[in-house]
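Worksheet: one structure, shown below.
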Amino acid sequence: MPFRKTVFIREVIRSDASGKPCEPITRVAVLAVVSNPYTGQHGADLSELFDLGGTLGETLLAEAVAQLPGDPISYGKAAIVGVAGEMEHGAAMIHPKLGKPMRAAVGGGNALIPSNAKVAALGAQIDLPLGHKDEAWSFAHFDTMTVGMADAPRPDEIVLVMGVSDGPRVHPRVGDGPITD
């Protein structure tokens with residue numbers, strides 16, 4: 001598999017910004033830096049990236065889940081494409097085949113997996129969206145983890161990002177669903 005490196009980021013939240021304690025919430029992101037086979041070209045058939053995304057999901061997300069002290073309840077995915085690529089290259093990694101192994105790793109996943117993709121320069125960060133794996137309207141689990149690494153993506157690389165969490169946002173207070181009146 002053509003990946004240069006992987007980075008795991010494990011974050012444990014114990015209080016909100018004002019210092020009010022909460023039950024610990026653990027979020028884990030795994031970032032994989034891969035070569036972009038479509039660098040500098042349009043590429044009508046992006047199936048090589050479909051397969052690569054699926055394989056990385058099978059290979060890496062179980063390791064991220066294993067770093068959670070509790071059961072995975074939220075998940076998300078993202079991609080940062082180096083500047084010699086295009087956003088569609090990131091979409092090809094995160095959409096067609098990544099969902100199935102992610103759902104398998106979290107033991108379910110009835111809800112859409114929140115996602116984000118962008119083209120950016122070396123050292124860029126991305127907001128990895130997180131959402132409840134089974135309840136699409138669980139506002140308490142709409143969350144974001146900002147991640148990146150200093151030496152990626154190079155112009156000819158893609159950083160695939162997957163994340164999991166064992167809890168909601170800290171002290172959620174926005175209700176359980178849309179206000180309809």
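Ordering of the structure tokens sets the chain letters (A, B, ...); residue numbers start at 1 within each chain; ligands are numbered from 1 in the order shown.
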Do a neighbour search on stretch 34-47 of chain A at 12 Å with only C-alpha atoms, toss out local chain neighbours closer than 3 positions, and write the hits as a PyMOL selection string. chain A and resi 1-6+31+50-56+79-97+119+152-161
Going by DSSP on the backbone, which bits of stretch 5-164 of chain A are alpha helix (DSSP H)? Write them as a PyMOL selection string, please. chain A and resi 47-66+87-94+99-106
Run DSSP on the backbone and tell me which residues of stretch 2-180 of chain A come out as strand (DSSP E or B); list them as a PyMOL selection string. chain A and resi 3-15+21-35+74-81+115-119+125-132+143-149+152+157-165
One decimal, in Å: what's the spacing between atom CA of A:Ser74 and atom CA of A:Ala120?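 Separation between atom CA of A:Ser74 and atom CA of A:Ala120: 26.0 Å.
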Could you pull the residues within 10 Å of stretch 8-17 of chain A, counting only C-alpha atoms, minus those fewer than 2 positions along the same chain, as a PyMOL selection string? chain A and resi 6+19-32+60+63-64+67-68+145+147-148+161-165+167+169-171
Shortest interatomic distance to A:Ala78 - which of A:Thr59, A:Ser138, A:Thr144, A:Ser18, counting only C-alpha atoms: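 Checking each candidate against A:Ala78, we get A:Thr144 as the closest.
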What does the distance between atom CA of A:Lys77 and atom CA of A:Gly57 come to in Å, to one decimal place?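 Those two atoms sit 9.9 Å apart.
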Residue neighbourhood A:Asp143, 7 Å, only C-alpha atoms, exclusion window fewer than 3 positions, as a PyMOL selection string: chain A and resi 129-131+169
Atomic separation - atom CA of A:Ala105 relative to atom CA of A:Gly70, Å: 13.6 Å
Using only C-alpha atoms for the distances, tell me which of A:Val106, A:Val7, A:Leu98, A:Val174 is nearest to A:Ala66. A:Val106
